[in-house]
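A.B. asks: What follows is a structure written as structure tokens; I'll ask about it next.
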Amino acid sequence: MKKTTTPDRSTAAAFPRYIAGEVVADSVALQWPGIFARRWRFPRIVDRFLVPATPEPHISCNLGGIAEFRERDIGGAWIARQIRVGDMFVTRSRTPYEVDFHSPAGEHLDNISIHLAVEPFLAALEARYPGSGGRVEVEDYFGRDQILLPICLTCAELLAARVPGKSPRVAALTQLLAAHLVEKYTSSVSQKPVSRGGLPIYQLRKVEDYVAAHLAEEVSIEALANLAELSSSHFAHVFKEATGMTPLQFITRQRITKAQQLIRETSRSLIDVGLEVGYTSPSHFAQVFRRVVGVTPTAFRSSL
């Protein structure tokens, strides 16, 4: 049960005390050195709660379910996003932040949360940035990482199999996680940040917000690239690295996700739904919807 009072800062060991979900597997019980891995099952609706900052880098990977998710710095504006299977967050926030989320009826989020302990993190930093003394920042990230996802899945499998901490597999997993985290998601504060694959999270949020606000309109790659202050070709490249999708695939997914929500929550005609998410042709809307969801809009509504 989450405490009513959450501190601004905590540790990976104490982290579950403050999170509004059920831990179904915990590496602490298996005495894993180097990482704190927890498998979570969240209720369908989770009201706003505070996530404390931790000194350990944190990876949160969604393994199952969908949800409308919101996060914000305390007192800041809410950032809304759709959470799907394979989406993940990477952070080493120095300040607490608020989140809330809700899933459709019959759905819930199945999540694995991994904190990398400070010792292996600093060792990986020293290997990549000799003499930095730990003066390195972890870059916040939301999206898809085709290397980090299998690491998270392996971690979940080792938890399910109750592999003890003394197993060489746990040590190897920790080393791989630390190396990947440092190589892809850090930059030395004493040097100009190295260009890495993917968009910074603030630029990704700008793109997501723009697409959400213009679903009924023609959304050009050029307009999205201008938001990120990049050329169209470079934007398309880094966007796919960040999300695992091309910009066009992302726009399509956002449109169909919104269409599903409208079909599920309103009695509006399918023609009206298609128009609201940018499809003037009912047949084209049905074709795209079926390609993404697996059934036609009519069949989707009938199944509810």
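Ordering of the structure tokens sets the chain letters (A, B, ...), residue numbers begin anew at 1 in every chain, and ligands are numbered from 1 in the order given.
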Report as a list of chain:residue names: the residues of region 82-142 of chain A with a DSSP assignment of strand (DSSP E), based on the backbone of this structure.

C.D. replies: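 The strand (DSSP E) subset of region 82-142 of chain A is A:Gln82, A:Ile83, A:Met88, A:Phe89, A:Val90, A:Thr91, A:Tyr97, A:Glu98, A:Val99, A:Asp100, A:Phe101, A:His102, A:Asp110, A:Asn111, A:Ile112, A:Ser113, A:Ile114, A:His115, A:Leu116, A:Val136, A:Glu137, A:Val138, A:Tyr141, A:Phe142.
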
A.B. asks: Can I get the residues of region 95-203 of chain A within 9 Å of region 58-82 of chain A, each with the closest pair of atoms and their distance in Å to one decimal, using only C-alpha atoms, sorted chain first then ascending number, as a tab-separated table?

C.D. replies:
residue	atom	partner	partner_atom	distance
A:Thr95	CA	A:Asp73	CA	8.0
A:Pro96	CA	A:Asp73	CA	7.1
A:Tyr97	CA	A:Asp73	CA	4.6
A:Glu98	CA	A:Arg72	CA	5.4
A:Val99	CA	A:Glu71	CA	4.3
A:Asp100	CA	A:Arg70	CA	5.4
A:Phe101	CA	A:Phe69	CA	4.3
A:His102	CA	A:Ala67	CA	5.3
A:Ser103	CA	A:Ala67	CA	4.2
A:Pro104	CA	A:Ala67	CA	6.9
A:Glu107	CA	A:Gly65	CA	5.8
A:His108	CA	A:Gly65	CA	5.3
A:Leu109	CA	A:Gly65	CA	4.6
A:Asp110	CA	A:Gly64	CA	4.7
A:Asn111	CA	A:Asn62	CA	4.5
A:Ile112	CA	A:Cys61	CA	5.4
A:Ser113	CA	A:Ser60	CA	4.5
A:Ile114	CA	A:Ile59	CA	5.1
A:His115	CA	A:His58	CA	4.5
A:Leu116	CA	A:His58	CA	6.6
A:Leu149	CA	A:Cys61	CA	7.5
A:Cys152	CA	A:Cys61	CA	7.0
A:Leu153	CA	A:Leu63	CA	8.0

A.B. asks: Name all residues at most 9 Å from Thr11 (chain A) (count only C-alpha atoms; drop same-chain ones fewer than 6 positions away) and give them as a list in words.

C.D. replies: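 The contact residues come out as Pro52, Ala53, Thr54, Pro55 and Glu56 of chain A.
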
A.B. asks: Could you check the closest approach to Leu230 (chain A) for each of A:Glu218, A:Gln203, A:Leu50, A:Asp209 and tell me which residue wins, using only C-alpha atoms?

C.D. replies: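 Closest to Leu230 (chain A), using only C-alpha atoms: A:Gln203.
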
A.B. asks: To one decimal in Å, tell me the separation between CA of Pro130 (chain A) and CA of Leu181 (chain A).

C.D. replies: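 These atoms are spaced 16.3 Å apart.
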
A.B. asks: So which one's closest to Leu173 (chain A), A:Ala286, A:Ala161, A:Cys155, A:Val207? Using only C-alpha atoms, please.

C.D. replies: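 Ranked by minimum distance to Leu173 (chain A), first place goes to A:Cys155.
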
A.B. asks: Give me, please, the distance in Å between CA of Glu183 (chain A) and CA of Val90 (chain A), quoted to one decimal.

C.D. replies: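 So the two atoms, CA of Glu183 (chain A) and CA of Val90 (chain A), lie 13.0 Å apart.
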
A.B. asks: Which residue gives the smallest distance to Ile83 (chain A) among A:Leu158, A:Trp32, A:Glu229, A:Thr243, with only C-alpha atoms counted?

C.D. replies: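 Result for the nearest residue to Ile83 (chain A): A:Thr243.
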
A.B. asks: Given the choices A:Leu177, A:Phe142, A:Tyr129, A:Ala216, which gets closest to Ile35 (chain A) if the distance is worked out from only C-alpha atoms?

C.D. replies: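 Answer, going by the shortest atom-to-atom distance: A:Leu177.
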
A.B. asks: Counting only C-alpha atoms, figure out which residue out of A:Ser167, A:Gln254, A:Thr91, A:Ser231 gets nearest to Glu208 (chain A).

C.D. replies: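 For Glu208 (chain A), the nearest of the given residues is A:Gln254.
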
A.B. asks: Hey, what's within 8 Å of Gly143 (chain A) if we count only C-alpha atoms and toss same-chain stuff fewer than 5 positions away? As a PyMOL selection string, please?

C.D. replies: chain A and resi 87-89+242-244
